[in-house]
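So the structure is just underneath, and the comments pick up after that.
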Amino acid sequence: MKPTSQGHFDREVCKPFFHKGNDKGILLIHGFTGSASHMRLIAQQLAERGYTVSTINLPGHATTEEDMARSTWQDWLQASKQATLDLMQQCRHVTVCGLSMGGVLALLVAQQMKVAACVPISAPMAVKNRLLGFAALAAPLYKRVEWASPAKRHGGTDPEYDYGYTGFPTKKGADLNKLIRLARKNLFNITCPVLCVQSEQDETIWEGSADCILENVNSQQRQKLWLTGVPHVCTISPEWPAITDAIDSLMQSIRKE
């Protein structure tokens, strides 16, 4: 598939979303090559339930793959931490949620900042794609990795919200791997409540990822929402209401100071 054309993300659903609600804030971070559109359905529903909700587009995302090539894992982590800080200025309690790489970033934020809770969704502690796993070695030979067709990659998802790159600069896979290694190494630093969401049919990540996270954090409150029949980008699948309900339930369990 050809690289995503300029203007592909000029849609309302791809733009960052913000809603000012109560003093419980929720940050939703999209994944590797994705956009804020992948978090929009959940964001809108959580906003309707009264929460303060924010989504972002990570540096190098929702523009062009050339922009992605110029971004780094440090840029992605810093953007996530800054968005968390921005939300903390408006809310007493902030929960950080993320899809795929966004879930890895959410874990890193929870390791480094005092957040109310963390919700990694389809967050990899290892990946199945070999080119992703060996991106640093493969980059000189393969400049770009092409995703499978949307029908194969995201079957069962809502096409109205499925906007991301059709591939990625191979060397960026090394950035993703770096984030995964950092997050997995320091899971013990997480003490806030954790809700892991993963699908049995996830075609992208190691099936033991959610269990690895929950077994290694130091949180007293640990939960797993195990989905069936939906793919990796489950936030725009028919199970998105179940994910929303689980986040809502977690938020309600956070006591007011």
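Residue numbering restarts at 1 in every chain; chains get A, B, ... in the order shown in the structure tokens, and ligands count up from 1 in that same order.
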Surrounding residues of A:Gly98 excluding itself and chain neighbours under 3 positions, 8 Å, only C-alpha atoms, as a list in words: Leu27, Leu28, Ile29, His30, Gly31, Met101, Gly102, Gly103, Val104, Leu105, Ala106, Val119, Pro120, Ile121 and Ala123 of chain A
Restricting the output to N, CA, C and O atoms, write the selected residues as a short mmCIF file (atom, residue, chain, number, x, y, z; two decimals), in the first residue's frame.
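Full text of part.cif as output:
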data_model
loop_
_atom_site.label_atom_id
_atom_site.label_comp_id
_atom_site.auth_asym_id
_atom_site.auth_seq_id
_atom_site.Cartn_x
_atom_site.Cartn_y
_atom_site.Cartn_z
N LEU A 27 -6.96 10.81 30.20
CA LEU A 27 -6.17 11.02 28.99
C LEU A 27 -6.17 9.74 28.18
O LEU A 27 -5.89 8.65 28.71
N LEU A 28 -6.49 9.85 26.90
CA LEU A 28 -6.54 8.70 26.00
C LEU A 28 -5.48 8.88 24.91
O LEU A 28 -5.52 9.86 24.15
N ILE A 29 -4.53 7.93 24.82
CA ILE A 29 -3.41 8.02 23.90
C ILE A 29 -3.52 6.94 22.83
O ILE A 29 -3.64 5.74 23.15
N HIS A 30 -3.46 7.34 21.57
CA HIS A 30 -3.54 6.37 20.47
C HIS A 30 -2.25 5.59 20.33
O HIS A 30 -1.26 5.81 21.04
N GLY A 31 -2.21 4.68 19.36
CA GLY A 31 -1.07 3.80 19.20
C GLY A 31 -0.12 4.14 18.06
O GLY A 31 -0.26 5.17 17.39
N MET A 101 0.83 1.05 21.50
CA MET A 101 1.96 1.84 21.99
C MET A 101 1.49 2.90 22.96
O MET A 101 2.22 3.27 23.89
N GLY A 102 0.27 3.41 22.76
CA GLY A 102 -0.28 4.37 23.71
C GLY A 102 -0.43 3.76 25.09
O GLY A 102 -0.28 4.44 26.10
N GLY A 103 -0.72 2.45 25.14
CA GLY A 103 -0.79 1.76 26.41
C GLY A 103 0.57 1.63 27.06
O GLY A 103 0.70 1.73 28.29
N VAL A 104 1.60 1.41 26.24
CA VAL A 104 2.97 1.38 26.75
C VAL A 104 3.34 2.74 27.31
O VAL A 104 3.94 2.85 28.39
N LEU A 105 2.98 3.80 26.59
CA LEU A 105 3.23 5.16 27.08
C LEU A 105 2.47 5.43 28.37
O LEU A 105 3.00 6.08 29.28
N ALA A 106 1.25 4.92 28.46
CA ALA A 106 0.47 5.09 29.69
C ALA A 106 1.17 4.43 30.87
O ALA A 106 1.21 4.97 31.98
N VAL A 119 -4.69 2.54 32.42
CA VAL A 119 -5.46 1.57 31.63
C VAL A 119 -4.72 1.28 30.32
O VAL A 119 -4.90 1.99 29.32
N PRO A 120 -3.86 0.26 30.30
CA PRO A 120 -3.23 -0.15 29.05
C PRO A 120 -4.17 -1.05 28.25
O PRO A 120 -4.66 -2.05 28.76
N ILE A 121 -4.43 -0.68 27.01
CA ILE A 121 -5.34 -1.41 26.14
C ILE A 121 -4.54 -1.99 24.97
O ILE A 121 -3.87 -1.25 24.24
N ALA A 123 -1.77 -3.37 25.02
CA ALA A 123 -0.41 -2.85 25.20
C ALA A 123 0.60 -3.99 25.09
O ALA A 123 0.57 -4.93 25.89
#
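For A:Lys81, the residues within 8 Å (counting only C-alpha atoms, excluding itself and residues fewer than 4 positions away along the chain) are A:Leu77, A:Leu85, A:Val109.
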Which polymer residues have any atom within 6 Å of an atom of stretch 213-228 of chain A, counting only C-alpha atoms, with same-chain residues fewer than 3 positions away left out, as a PDB file with C-alpha atoms, in the first residue's frame?
ATOM      1  CA  LEU A 187       6.554  -2.158  35.865  1.00  0.00           C
ATOM      2  CA  PHE A 188       7.305  -2.552  39.574  1.00  0.00           C
ATOM      3  CA  ILE A 190       3.473   1.290  39.232  1.00  0.00           C
ATOM      4  CA  THR A 191       1.364   1.363  42.396  1.00  0.00           C
ATOM      5  CA  CYS A 192      -1.879   2.954  41.166  1.00  0.00           C
ATOM      6  CA  PRO A 193      -4.907   0.855  40.138  1.00  0.00           C
ATOM      7  CA  VAL A 194      -4.362  -0.882  36.790  1.00  0.00           C
ATOM      8  CA  LEU A 195      -6.940  -2.153  34.313  1.00  0.00           C
ATOM      9  CA  CYS A 196      -5.514  -4.191  31.414  1.00  0.00           C
ATOM     10  CA  VAL A 197      -7.634  -4.727  28.307  1.00  0.00           C
ATOM     11  CA  GLN A 198      -6.701  -7.337  25.703  1.00  0.00           C
ATOM     12  CA  SER A 199      -8.404  -9.435  23.032  1.00  0.00           C
ATOM     13  CA  GLU A 200      -7.920 -13.161  22.473  1.00  0.00           C
ATOM     14  CA  ALA A 210      -1.719  -8.267  29.883  1.00  0.00           C
TER      15      ALA A 210
END
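The list of residues with at least one atom within 9 Å of A:Trp240, based on only C-alpha atoms and without residues fewer than 5 positions apart in the same chain, reads A:Leu41, A:Ile42, A:Cys234, A:Thr235, A:Asp245.
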Please determine, counting only C-alpha atoms, which residue among A:Asn129, A:Gln44, A:Thr84, A:Thr204 has the shortest atom-to-atom distance to A:Ala117. A:Thr84
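Proximity to A:Met88 at 10 Å, evaluated using only C-alpha atoms and with sequence-adjacent residues fewer than 6 positions away removed, yields Asp23, Lys24, Gly25, Ile26, Gln82, Val94, Thr95, Lys114 and Val115 of chain A.
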Calculate how many Å separate atom CA of A:Lys128 from atom CA of A:Ala43, rounding to one decimal. 28.4 Å
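Distance annotation: of A:Gln112, A:Thr52, A:Ser71, A:Thr33, the residue with the minimal separation from A:Leu99 is A:Thr33; atom set is only C-alpha atoms.
Atom CA of A:Asn22 is positioned 6.0 Å from atom CA of A:Gly50.
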Run DSSP on the backbone of this structure and report the residues of stretch 37-193 of chain A it assigns to alpha helix (DSSP H), as a count of residues only. 72
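Between A:Leu107 and the residues A:Ala183, A:Met39, A:Ala47, A:Val53, the shortest atom-to-atom distance, using only C-alpha atoms, involves A:Ala183.
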Show me a table, sorted first by chain and then by increasing residue number, of the residues of stretch 47-122 of chain A having an atom at most 9 Å from stretch 173-177 of chain A, each with its shortest atom pair and the distance in Å to one decimal, counting only C-alpha atoms and written as CSV.
residue,atom,partner,partner_atom,distance
A:Thr72,CA,A:Asp175,CA,6.4
A:Trp73,CA,A:Asp175,CA,5.1
A:Gln74,CA,A:Asp175,CA,8.5
A:Met101,CA,A:Leu176,CA,7.1
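One distance worth recording is that between atom CA of A:Ala126 and atom CA of A:Tyr163, which is 23.7 Å.
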Taking the DSSP assignment computed from this structure's backbone, write out as a PyMOL selection string all residues of stretch 140-242 of chain A that belong to strand (DSSP E). chain A and resi 144-146+167-169+194-199+222-227
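The shortest atom-to-atom distance to A:Cys14, with only C-alpha atoms taken into account, belongs to A:Ala62 out of A:Ala62, A:Ser54, A:Met125, A:Phe32.
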Go through A:Tyr161, A:Phe17, A:Phe168, A:Trp206 and flag the residue nearest A:Val145, using only C-alpha atoms for the distances. A:Phe168
From the list A:Glu65, A:Glu160, A:Glu48, A:Glu207, the nearest residue to A:His19 using only C-alpha atoms is A:Glu48
